[in-house]
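Engineer: Provided below: target.txt, containing compact mmCIF, C-alpha atoms.
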```txt
# COMPACT_ATOMS: atom_id res chain seq x y z
CA MET A 1 49.58 -5.62 -53.68
CA ILE A 2 46.58 -5.02 -55.94
CA LYS A 3 46.70 -2.96 -59.14
CA LEU A 4 44.48 -2.24 -62.15
CA SER A 5 46.45 -1.36 -65.26
CA LYS A 6 45.20 0.56 -68.30
CA ASN A 7 48.46 -0.16 -70.09
CA PRO A 8 50.11 -3.43 -71.14
CA PHE A 9 52.57 -4.80 -68.58
CA ASN A 10 55.26 -7.45 -68.59
CA PRO A 11 54.21 -10.03 -65.97
CA TYR A 12 57.75 -11.33 -65.49
CA GLN A 13 59.10 -7.84 -64.77
CA GLU A 14 56.25 -7.18 -62.36
CA LEU A 15 56.90 -10.49 -60.63
CA ALA A 16 60.62 -9.71 -60.36
CA LYS A 17 59.90 -6.24 -58.90
CA TRP A 18 57.44 -7.66 -56.39
CA THR A 19 59.67 -10.52 -55.21
CA LYS A 20 62.55 -8.05 -54.82
CA ILE A 21 60.63 -6.11 -52.13
CA GLN A 22 59.98 -9.28 -50.12
CA GLU A 23 62.14 -10.09 -47.10
CA ASN A 24 65.05 -12.30 -48.10
CA GLY A 25 65.11 -15.77 -46.66
CA LYS A 26 61.51 -15.71 -45.37
CA TYR A 27 59.72 -17.43 -48.24
CA GLY A 28 60.46 -20.79 -49.80
CA ALA A 29 57.77 -20.92 -52.46
CA CYS A 30 56.39 -18.53 -55.06
CA CYS A 31 53.51 -19.59 -57.29
CA ASN A 32 52.05 -17.49 -60.09
CA PHE A 33 49.26 -17.51 -62.64
CA ILE A 34 49.37 -15.44 -65.84
CA GLY A 35 46.19 -15.08 -67.91
CA THR A 36 46.78 -14.05 -71.53
CA MET A 37 44.36 -12.90 -74.22
CA ARG A 38 43.80 -15.47 -77.00
CA ASP A 39 43.11 -14.56 -80.62
CA PHE A 40 40.26 -17.08 -80.77
CA ASN A 41 37.15 -17.95 -78.77
CA LEU A 42 34.18 -20.24 -79.51
CA SER A 43 35.64 -21.06 -82.96
CA ASP A 44 35.86 -17.38 -83.97
CA ASN A 45 38.90 -15.19 -84.58
CA VAL A 46 39.11 -12.41 -81.99
CA THR A 47 41.04 -9.26 -82.88
CA HIS A 48 40.46 -7.08 -79.85
CA MET A 49 38.94 -7.05 -76.40
CA SER A 50 37.57 -4.37 -74.12
CA LEU A 51 37.59 -5.01 -70.39
CA GLN A 52 34.91 -3.06 -68.54
CA HIS A 53 35.07 -2.80 -64.76
CA TYR A 54 33.07 -1.16 -61.97
CA ASP A 55 35.53 1.19 -60.33
CA LYS A 56 33.67 1.50 -57.03
CA MET A 57 33.56 -2.25 -56.55
CA THR A 58 36.48 -3.93 -58.31
CA ILE A 59 39.33 -3.00 -55.95
CA LYS A 60 37.05 -3.53 -52.96
CA GLN A 61 36.27 -7.08 -54.10
CA LEU A 62 39.92 -7.86 -54.83
CA GLU A 63 40.81 -6.63 -51.33
CA ASN A 64 38.08 -8.85 -49.85
CA ILE A 65 39.37 -11.86 -51.78
CA THR A 66 42.93 -11.16 -50.62
CA LYS A 67 41.83 -10.89 -47.00
CA ILE A 68 39.96 -14.21 -47.19
CA CYS A 69 43.02 -15.81 -48.83
CA GLN A 70 45.30 -14.53 -46.05
CA ASP A 71 42.94 -15.93 -43.41
CA LYS A 72 42.63 -19.29 -45.19
CA PHE A 73 46.24 -19.96 -46.16
CA LYS A 74 49.59 -19.36 -44.53
CA ILE A 75 50.89 -16.93 -47.13
CA ILE A 76 53.36 -14.12 -46.63
CA ASP A 77 52.14 -11.87 -49.43
CA SER A 78 50.11 -11.85 -52.63
CA LEU A 79 50.08 -9.90 -55.88
CA MET A 80 47.18 -9.23 -58.25
CA ILE A 81 47.46 -7.07 -61.37
CA HIS A 82 44.52 -6.94 -63.79
CA ARG A 83 44.22 -5.08 -67.08
CA ILE A 84 41.29 -2.78 -67.79
CA GLY A 85 40.30 -1.03 -71.00
CA ASP A 86 41.45 -2.02 -74.49
CA ILE A 87 43.42 -5.25 -74.87
CA GLU A 88 45.12 -6.94 -77.82
CA PRO A 89 45.79 -10.66 -78.36
CA ASN A 90 48.84 -11.90 -76.46
CA ASP A 91 48.51 -9.14 -73.84
CA THR A 92 48.56 -10.28 -70.25
CA ILE A 93 45.10 -9.89 -68.73
CA VAL A 94 45.92 -10.91 -65.19
CA LEU A 95 48.93 -11.74 -63.03
CA ILE A 96 48.48 -13.44 -59.69
CA ALA A 97 51.27 -14.55 -57.39
CA THR A 98 51.59 -15.73 -53.82
CA ILE A 99 54.58 -16.48 -51.62
CA SER A 100 54.71 -18.72 -48.60
CA ALA A 101 57.16 -20.74 -46.58
CA HIS A 102 56.21 -24.02 -48.32
CA ARG A 103 54.91 -24.96 -51.78
CA ASP A 104 51.55 -26.42 -50.82
CA GLU A 105 50.21 -23.12 -49.43
CA ALA A 106 51.62 -21.20 -52.42
CA PHE A 107 49.94 -23.49 -54.98
CA LYS A 108 46.59 -23.59 -53.17
CA SER A 109 46.44 -19.86 -52.43
CA CYS A 110 47.33 -18.89 -56.01
CA ARG A 111 44.57 -21.15 -57.35
CA PHE A 112 42.17 -19.76 -54.76
CA LEU A 113 42.85 -16.15 -55.79
CA ILE A 114 42.32 -16.67 -59.52
CA GLU A 115 39.14 -18.72 -59.01
CA GLU A 116 37.68 -16.16 -56.59
CA LEU A 117 38.63 -13.31 -58.93
CA LYS A 118 36.91 -15.04 -61.83
CA HIS A 119 33.68 -15.46 -59.87
CA LYS A 120 33.51 -12.26 -57.79
CA ALA A 121 35.59 -9.41 -59.22
CA THR A 122 33.54 -7.01 -61.34
CA PHE A 123 35.09 -7.24 -64.80
CA TRP A 124 33.26 -7.87 -68.08
CA LYS A 125 34.91 -8.78 -71.37
CA GLN A 126 33.64 -7.63 -74.75
CA GLU A 127 35.30 -9.21 -77.77
CA THR A 128 35.65 -7.78 -81.26
CA LEU A 129 35.65 -10.49 -83.91
CA LYS A 130 37.51 -10.49 -87.21
CA ASN A 131 34.31 -9.45 -89.00
CA THR A 132 34.14 -6.38 -86.61
CA GLN A 133 31.14 -7.81 -84.75
CA LYS A 134 31.24 -7.14 -81.00
CA ARG A 135 29.98 -9.63 -78.43
CA TRP A 136 30.03 -9.88 -74.66
CA VAL A 137 31.77 -12.89 -73.15
CA LEU A 138 29.12 -14.72 -71.15
CA GLY A 139 30.93 -17.73 -69.69
CA ASN A 140 33.89 -17.76 -67.37
CA MET B 1 15.74 10.35 -50.87
CA LYS B 2 17.90 9.98 -53.96
CA ILE B 3 19.98 7.06 -55.21
CA THR B 4 22.11 6.35 -58.26
CA VAL B 5 21.45 3.19 -60.26
CA LYS B 6 24.11 1.79 -62.61
CA PHE B 7 24.14 -1.05 -65.15
CA PHE B 8 27.16 -2.92 -66.53
CA GLY B 9 28.15 -5.38 -69.24
CA ASN B 10 25.52 -6.64 -71.66
CA LEU B 11 22.83 -5.70 -69.15
CA ALA B 12 23.34 -2.00 -69.89
CA GLU B 13 22.62 -2.73 -73.56
CA LYS B 14 19.59 -4.87 -72.75
CA VAL B 15 17.91 -2.21 -70.62
CA ASN B 16 19.37 0.58 -72.78
CA LEU B 17 20.59 2.42 -69.71
CA SER B 18 23.97 2.85 -68.03
CA GLN B 19 23.04 5.18 -65.19
CA VAL B 20 19.95 6.83 -63.75
CA GLU B 21 19.10 8.86 -60.64
CA LEU B 22 15.97 7.80 -58.76
CA ASP B 23 13.91 9.15 -55.89
CA ILE B 24 13.12 6.30 -53.51
CA LYS B 25 10.66 5.71 -50.71
CA PRO B 26 11.83 4.73 -47.20
CA ASN B 27 12.72 0.99 -47.06
CA GLU B 28 12.18 0.50 -50.79
CA ASN B 29 13.71 -2.81 -51.81
CA ILE B 30 16.09 -3.53 -54.67
CA LYS B 31 13.56 -5.54 -56.68
CA ASN B 32 11.22 -2.55 -56.71
CA ILE B 33 14.07 -0.24 -57.66
CA TRP B 34 14.95 -2.56 -60.57
CA ASN B 35 11.34 -2.50 -61.77
CA ARG B 36 11.11 1.28 -61.66
CA ALA B 37 14.58 1.91 -63.16
CA THR B 38 14.10 -0.52 -66.06
CA ASP B 39 10.36 -0.05 -66.61
CA ASN B 40 9.71 -3.66 -65.51
CA TYR B 41 12.33 -5.28 -67.75
CA ASP B 42 12.50 -9.04 -67.16
CA LEU B 43 14.73 -9.72 -64.15
CA GLU B 44 16.75 -12.75 -65.27
CA GLN B 45 17.87 -15.13 -62.54
CA ASN B 46 21.59 -14.62 -63.11
CA ILE B 47 21.54 -10.83 -62.65
CA LEU B 48 23.63 -9.66 -59.70
CA VAL B 49 23.25 -6.55 -57.57
CA ALA B 50 25.53 -4.51 -55.33
CA ILE B 51 24.94 -1.66 -52.90
CA ASP B 52 27.87 0.74 -52.61
CA GLY B 53 30.29 -1.87 -53.93
CA ASP B 54 29.16 -4.83 -51.83
CA TYR B 55 27.13 -7.74 -53.18
CA ALA B 56 23.50 -7.48 -52.06
CA LYS B 57 20.15 -9.28 -52.41
CA PHE B 58 17.00 -8.21 -54.21
CA ASP B 59 15.02 -8.00 -50.96
CA ASP B 60 17.61 -5.69 -49.37
CA THR B 61 16.55 -2.08 -48.98
CA ALA B 62 18.24 1.09 -50.18
CA LYS B 63 18.87 4.28 -48.30
CA ASP B 64 19.50 7.88 -49.27
CA GLY B 65 22.70 8.36 -51.28
CA ASP B 66 23.22 4.67 -52.11
CA GLU B 67 24.74 3.56 -55.39
CA ILE B 68 22.96 0.46 -56.68
CA ALA B 69 24.66 -1.55 -59.44
CA PHE B 70 23.05 -4.26 -61.54
CA PHE B 71 25.26 -6.50 -63.66
CA PRO B 72 25.54 -9.92 -65.33
CA PRO B 73 27.91 -12.66 -64.08
CA VAL B 74 31.49 -11.37 -64.10
CA THR B 75 34.00 -12.52 -66.72
CA GLY B 76 37.41 -11.25 -65.65
CA GLY B 77 40.70 -13.06 -65.40
```
Represent the structure from my file as structure tokens, please.

Structural biologist:
Amino acid sequence: MIKLSKNPFNPYQELAKWTKIQENGKYGACCNFIGTMRDFNLSDNVTHMSLQHYDKMTIKQLENITKICQDKFKIIDSLMIHRIGDIEPNDTIVLIATISAHRDEAFKSCRFLIEELKHKATFWKQETLKNTQKRWVLGN
Amino acid sequence: MKITVKFFGNLAEKVNLSQVELDIKPNENIKNIWNRATDNYDLEQNILVAIDGDYAKFDDTAKDGDEIAFFPPVTGG
């Protein structure tokens, strides 16, 4: 399941909803990654962030990443939810989860998805600092 | 032949352009399209390009109706 969310979401509720629709007794491992917005970056206080995305490409890239992950690892299912738009400190930016029969595939596939997302999915962060200055995040 | 060219992230601010429509010649490559769309703005090495939502290369060619996107390295997650 892949979703882009304009609104804040509770990652633990989303994880609970998603695991509930999985077939009971078929998976033995669930691994997740939750990325959260900090209120600091590069020694500056950050008060706000805007997450730009390229609508034509973002979901397509996330689907490609998921397909590669499914081919590479023995996973049963995966979940990716990513915020877009305006974000406040402590908001969840991204939730990734994978389930598999055994833990090794769950750990590796979850790591694979977040790393691929960070390098290929078309999102760009713009921070607003405490002094109201805006700056684009350049490193990842 | 017409295409749409889009710019994202800090690149849109650098070239002072978020979207432009261009007439292209048959087999015109992406590098040439960049030069015409941005009035020869310096093409930094880390700039990425996509054609209709798929990563592409600067020597790839565009066709009628394509959407070409130029953007800096992504920073999601």

Engineer: Let me know the centre plus edge lengths, in Å and rounded to one decimal, of a box with edges along x, y and z that contains all listed atoms of segment 52-63 of chain B and is padded by 4 Å on every side, as lines of an AutoDock Vina configuration file.

Structural biologist:
```
center_x = 22.7
center_y = -2.5
center_z = -51.3
size_x = 23.3
size_y = 21.6
size_z = 13.9
```

Engineer: Do you have, as a Markdown table, the list of residues of chain A lying at most 12 Å from chain B, each with its nearest atom pair and that distance in Å to one decimal, counting all atoms listed in the file and ordered by chain then number?

Structural biologist:
```
| residue | atom | partner | partner_atom | distance |
| --- | --- | --- | --- | --- |
| A:Leu4 | CA | B:Gly77 | CA | 11.9 |
| A:Phe33 | CA | B:Gly77 | CA | 10.0 |
| A:Ile34 | CA | B:Gly77 | CA | 9.0 |
| A:Gly35 | CA | B:Gly77 | CA | 6.4 |
| A:Thr36 | CA | B:Gly77 | CA | 8.7 |
| A:Met37 | CA | B:Gly77 | CA | 9.6 |
| A:Met49 | CA | B:Gly76 | CA | 11.6 |
| A:Ser50 | CA | B:Gly9 | CA | 10.7 |
| A:Leu51 | CA | B:Gly76 | CA | 7.8 |
| A:Gln52 | CA | B:Gly9 | CA | 7.2 |
| A:His53 | CA | B:Phe8 | CA | 8.1 |
| A:Tyr54 | CA | B:Phe8 | CA | 7.7 |
| A:Asp55 | CA | B:Gly53 | CA | 8.8 |
| A:Lys56 | CA | B:Gly53 | CA | 5.7 |
| A:Met57 | CA | B:Gly53 | CA | 4.2 |
| A:Thr58 | CA | B:Gly53 | CA | 7.9 |
| A:Ile59 | CA | B:Gly53 | CA | 9.3 |
| A:Lys60 | CA | B:Gly53 | CA | 7.0 |
| A:Gln61 | CA | B:Asp54 | CA | 7.8 |
| A:Leu62 | CA | B:Gly53 | CA | 11.4 |
| A:Glu63 | CA | B:Asp54 | CA | 11.8 |
| A:Asn64 | CA | B:Asp54 | CA | 10.0 |
| A:Met80 | CA | B:Gly77 | CA | 10.4 |
| A:Ile81 | CA | B:Gly77 | CA | 9.9 |
| A:His82 | CA | B:Gly77 | CA | 7.4 |
| A:Arg83 | CA | B:Gly77 | CA | 8.9 |
| A:Ile84 | CA | B:Gly76 | CA | 9.6 |
| A:Gly85 | CA | B:Gly76 | CA | 11.9 |
| A:Thr92 | CA | B:Gly77 | CA | 9.6 |
| A:Ile93 | CA | B:Gly77 | CA | 6.4 |
| A:Val94 | CA | B:Gly77 | CA | 5.6 |
| A:Leu95 | CA | B:Gly77 | CA | 8.7 |
| A:Ile96 | CA | B:Gly77 | CA | 9.7 |
| A:Leu113 | CA | B:Gly77 | CA | 10.3 |
| A:Ile114 | CA | B:Gly77 | CA | 7.1 |
| A:Glu115 | CA | B:Gly77 | CA | 8.7 |
| A:Glu116 | CA | B:Gly77 | CA | 9.8 |
| A:Leu117 | CA | B:Gly77 | CA | 6.8 |
| A:Lys118 | CA | B:Gly76 | CA | 5.4 |
| A:His119 | CA | B:Val74 | CA | 6.3 |
| A:Lys120 | CA | B:Val74 | CA | 6.7 |
| A:Ala121 | CA | B:Val74 | CA | 6.7 |
| A:Thr122 | CA | B:Val74 | CA | 5.6 |
| A:Phe123 | CA | B:Gly76 | CA | 4.7 |
| A:Trp124 | CA | B:Thr75 | CA | 4.9 |
| A:Lys125 | CA | B:Thr75 | CA | 6.0 |
| A:Gln126 | CA | B:Gly9 | CA | 8.1 |
| A:Glu127 | CA | B:Thr75 | CA | 11.6 |
| A:Lys134 | CA | B:Asn10 | CA | 11.0 |
| A:Arg135 | CA | B:Asn10 | CA | 8.6 |
| A:Trp136 | CA | B:Asn10 | CA | 6.3 |
| A:Val137 | CA | B:Thr75 | CA | 6.8 |
| A:Leu138 | CA | B:Thr75 | CA | 6.9 |
| A:Gly139 | CA | B:Thr75 | CA | 6.7 |
| A:Asn140 | CA | B:Thr75 | CA | 5.3 |
```

Engineer: Near Asn45 of chain A, within 12 Å and counting all atoms listed in the file, which residues show up once chain neighbours fewer than 3 positions away are dropped, as a PyMOL selection string?

Structural biologist: chain A and resi 37-42+48-49+89+127-134

Engineer: Tell me, as a PDB file with C-alpha atoms, in the frame of the given file, which residues lie within 12 Å of Thr19 of chain A, counting only C-alpha atoms; anything in the same chain fewer than 2 positions away does not count.

Structural biologist:
```pdb
ATOM      1  CA  MET A   1      49.580  -5.620 -53.680  1.00  0.00           C
ATOM      2  CA  TYR A  12      57.750 -11.330 -65.490  1.00  0.00           C
ATOM      3  CA  GLN A  13      59.100  -7.840 -64.770  1.00  0.00           C
ATOM      4  CA  GLU A  14      56.250  -7.180 -62.360  1.00  0.00           C
ATOM      5  CA  LEU A  15      56.900 -10.490 -60.630  1.00  0.00           C
ATOM      6  CA  ALA A  16      60.620  -9.710 -60.360  1.00  0.00           C
ATOM      7  CA  LYS A  17      59.900  -6.240 -58.900  1.00  0.00           C
ATOM      8  CA  ILE A  21      60.630  -6.110 -52.130  1.00  0.00           C
ATOM      9  CA  GLN A  22      59.980  -9.280 -50.120  1.00  0.00           C
ATOM     10  CA  GLU A  23      62.140 -10.090 -47.100  1.00  0.00           C
ATOM     11  CA  ASN A  24      65.050 -12.300 -48.100  1.00  0.00           C
ATOM     12  CA  GLY A  25      65.110 -15.770 -46.660  1.00  0.00           C
ATOM     13  CA  LYS A  26      61.510 -15.710 -45.370  1.00  0.00           C
ATOM     14  CA  TYR A  27      59.720 -17.430 -48.240  1.00  0.00           C
ATOM     15  CA  GLY A  28      60.460 -20.790 -49.800  1.00  0.00           C
ATOM     16  CA  ALA A  29      57.770 -20.920 -52.460  1.00  0.00           C
ATOM     17  CA  CYS A  30      56.390 -18.530 -55.060  1.00  0.00           C
ATOM     18  CA  CYS A  31      53.510 -19.590 -57.290  1.00  0.00           C
ATOM     19  CA  ASN A  32      52.050 -17.490 -60.090  1.00  0.00           C
ATOM     20  CA  ILE A  76      53.360 -14.120 -46.630  1.00  0.00           C
ATOM     21  CA  ASP A  77      52.140 -11.870 -49.430  1.00  0.00           C
ATOM     22  CA  SER A  78      50.110 -11.850 -52.630  1.00  0.00           C
ATOM     23  CA  LEU A  79      50.080  -9.900 -55.880  1.00  0.00           C
ATOM     24  CA  ALA A  97      51.270 -14.550 -57.390  1.00  0.00           C
ATOM     25  CA  THR A  98      51.590 -15.730 -53.820  1.00  0.00           C
ATOM     26  CA  ILE A  99      54.580 -16.480 -51.620  1.00  0.00           C
ATOM     27  CA  SER A 100      54.710 -18.720 -48.600  1.00  0.00           C
TER      28      SER A 100
END
```

Engineer: Give me, as a short mmCIF file (atom, residue, chain, number, x, y, z; two decimals) with C-alpha atoms, keeping the file's coordinate frame, all polymer residues having an atom no more than 6 Å from segment 19-25 of chain B, counting only C-alpha atoms and skipping those fewer than 2 positions away in the same chain.

Structural biologist:
```cif
data_model
loop_
_atom_site.label_atom_id
_atom_site.label_comp_id
_atom_site.auth_asym_id
_atom_site.auth_seq_id
_atom_site.Cartn_x
_atom_site.Cartn_y
_atom_site.Cartn_z
CA MET B 1 15.74 10.35 -50.87
CA LYS B 2 17.90 9.98 -53.96
CA ILE B 3 19.98 7.06 -55.21
CA THR B 4 22.11 6.35 -58.26
CA VAL B 5 21.45 3.19 -60.26
CA LYS B 6 24.11 1.79 -62.61
CA LEU B 17 20.59 2.42 -69.71
CA GLU B 28 12.18 0.50 -50.79
#
```

Engineer: Could you pull the residues within 9 Å of Trp34 of chain B, counting all atoms listed in the file, minus those fewer than 6 positions along the same chain, as a list in words?

Structural biologist: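 The filter keeps Val5, Asn40, Tyr41, Leu43, Phe58 and Phe70 of chain B.
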
Engineer: Rounded to one decimal, what separation in Å do you get between atom CA of Glu88 of chain A and atom CA of Trp18 of chain A?

Structural biologist: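 Taking atom CA of Glu88 of chain A as the start and atom CA of Trp18 of chain A as the end point, the length is 24.7 Å.
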
Engineer: For a test of reading the model, state the distance in Å between atom CA of Leu48 of chain B and atom CA of Arg36 of chain B, rounded to one decimal.

Structural biologist: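 These two atoms are separated by 16.7 Å.
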
Engineer: What does the distance from atom CA of Ser18 of chain B to atom CA of Asp59 of chain B come to in Å, to one decimal?

Structural biologist: 22.1 Å

Engineer: Will you model N, CA and C atoms for segment 41-62 of chain A and pass it back as a PDB file, in the frame of the given file?

Structural biologist:
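Full text of out.pdb as output:
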```
ATOM      1  N   ASN A  41      38.095 -17.555 -79.825  1.00  0.00           N
ATOM      2  CA  ASN A  41      37.150 -17.950 -78.770  1.00  0.00           C
ATOM      3  C   ASN A  41      35.903 -18.502 -79.447  1.00  0.00           C
ATOM      4  N   LEU A  42      35.403 -19.628 -78.966  1.00  0.00           N
ATOM      5  CA  LEU A  42      34.180 -20.240 -79.510  1.00  0.00           C
ATOM      6  C   LEU A  42      34.260 -20.374 -81.043  1.00  0.00           C
ATOM      7  N   SER A  43      35.407 -20.818 -81.525  1.00  0.00           N
ATOM      8  CA  SER A  43      35.640 -21.060 -82.960  1.00  0.00           C
ATOM      9  C   SER A  43      35.706 -19.804 -83.818  1.00  0.00           C
ATOM     10  N   ASP A  44      35.765 -18.631 -83.204  1.00  0.00           N
ATOM     11  CA  ASP A  44      35.860 -17.380 -83.970  1.00  0.00           C
ATOM     12  C   ASP A  44      37.221 -16.724 -83.726  1.00  0.00           C
ATOM     13  N   ASN A  45      37.692 -15.987 -84.740  1.00  0.00           N
ATOM     14  CA  ASN A  45      38.900 -15.190 -84.580  1.00  0.00           C
ATOM     15  C   ASN A  45      38.560 -13.903 -83.840  1.00  0.00           C
ATOM     16  N   VAL A  46      39.339 -13.615 -82.802  1.00  0.00           N
ATOM     17  CA  VAL A  46      39.110 -12.410 -81.990  1.00  0.00           C
ATOM     18  C   VAL A  46      40.280 -11.460 -82.219  1.00  0.00           C
ATOM     19  N   THR A  47      39.969 -10.219 -82.554  1.00  0.00           N
ATOM     20  CA  THR A  47      41.040  -9.260 -82.880  1.00  0.00           C
ATOM     21  C   THR A  47      41.305  -8.268 -81.762  1.00  0.00           C
ATOM     22  N   HIS A  48      40.357  -8.146 -80.834  1.00  0.00           N
ATOM     23  CA  HIS A  48      40.460  -7.080 -79.850  1.00  0.00           C
ATOM     24  C   HIS A  48      39.521  -7.409 -78.687  1.00  0.00           C
ATOM     25  N   MET A  49      39.853  -6.856 -77.526  1.00  0.00           N
ATOM     26  CA  MET A  49      38.940  -7.050 -76.400  1.00  0.00           C
ATOM     27  C   MET A  49      38.901  -5.784 -75.549  1.00  0.00           C
ATOM     28  N   SER A  50      37.719  -5.504 -75.020  1.00  0.00           N
ATOM     29  CA  SER A  50      37.570  -4.370 -74.120  1.00  0.00           C
ATOM     30  C   SER A  50      37.156  -4.920 -72.754  1.00  0.00           C
ATOM     31  N   LEU A  51      37.880  -4.507 -71.734  1.00  0.00           N
ATOM     32  CA  LEU A  51      37.590  -5.010 -70.390  1.00  0.00           C
ATOM     33  C   LEU A  51      36.946  -3.902 -69.568  1.00  0.00           C
ATOM     34  N   GLN A  52      35.633  -4.031 -69.360  1.00  0.00           N
ATOM     35  CA  GLN A  52      34.910  -3.060 -68.540  1.00  0.00           C
ATOM     36  C   GLN A  52      35.049  -3.461 -67.074  1.00  0.00           C
ATOM     37  N   HIS A  53      35.083  -2.481 -66.191  1.00  0.00           N
ATOM     38  CA  HIS A  53      35.070  -2.800 -64.760  1.00  0.00           C
ATOM     39  C   HIS A  53      34.215  -1.762 -64.040  1.00  0.00           C
ATOM     40  N   TYR A  54      33.892  -2.066 -62.799  1.00  0.00           N
ATOM     41  CA  TYR A  54      33.070  -1.160 -61.970  1.00  0.00           C
ATOM     42  C   TYR A  54      34.000  -0.592 -60.914  1.00  0.00           C
ATOM     43  N   ASP A  55      34.440   0.653 -61.145  1.00  0.00           N
ATOM     44  CA  ASP A  55      35.530   1.190 -60.330  1.00  0.00           C
ATOM     45  C   ASP A  55      35.232   1.191 -58.836  1.00  0.00           C
ATOM     46  N   LYS A  56      33.992   1.446 -58.465  1.00  0.00           N
ATOM     47  CA  LYS A  56      33.670   1.500 -57.030  1.00  0.00           C
ATOM     48  C   LYS A  56      33.788   0.133 -56.353  1.00  0.00           C
ATOM     49  N   MET A  57      33.681  -0.915 -57.138  1.00  0.00           N
ATOM     50  CA  MET A  57      33.560  -2.250 -56.550  1.00  0.00           C
ATOM     51  C   MET A  57      34.776  -3.151 -56.791  1.00  0.00           C
ATOM     52  N   THR A  58      35.470  -2.957 -57.898  1.00  0.00           N
ATOM     53  CA  THR A  58      36.480  -3.930 -58.310  1.00  0.00           C
ATOM     54  C   THR A  58      37.612  -4.072 -57.283  1.00  0.00           C
ATOM     55  N   ILE A  59      38.217  -2.940 -56.915  1.00  0.00           N
ATOM     56  CA  ILE A  59      39.330  -3.000 -55.950  1.00  0.00           C
ATOM     57  C   ILE A  59      38.831  -3.524 -54.603  1.00  0.00           C
ATOM     58  N   LYS A  60      37.642  -3.089 -54.233  1.00  0.00           N
ATOM     59  CA  LYS A  60      37.050  -3.530 -52.960  1.00  0.00           C
ATOM     60  C   LYS A  60      36.912  -5.062 -52.929  1.00  0.00           C
ATOM     61  N   GLN A  61      36.431  -5.626 -54.039  1.00  0.00           N
ATOM     62  CA  GLN A  61      36.270  -7.080 -54.100  1.00  0.00           C
ATOM     63  C   GLN A  61      37.617  -7.791 -54.096  1.00  0.00           C
ATOM     64  N   LEU A  62      38.592  -7.235 -54.810  1.00  0.00           N
ATOM     65  CA  LEU A  62      39.920  -7.860 -54.830  1.00  0.00           C
ATOM     66  C   LEU A  62      40.551  -7.814 -53.432  1.00  0.00           C
TER      67      LEU A  62
END
```
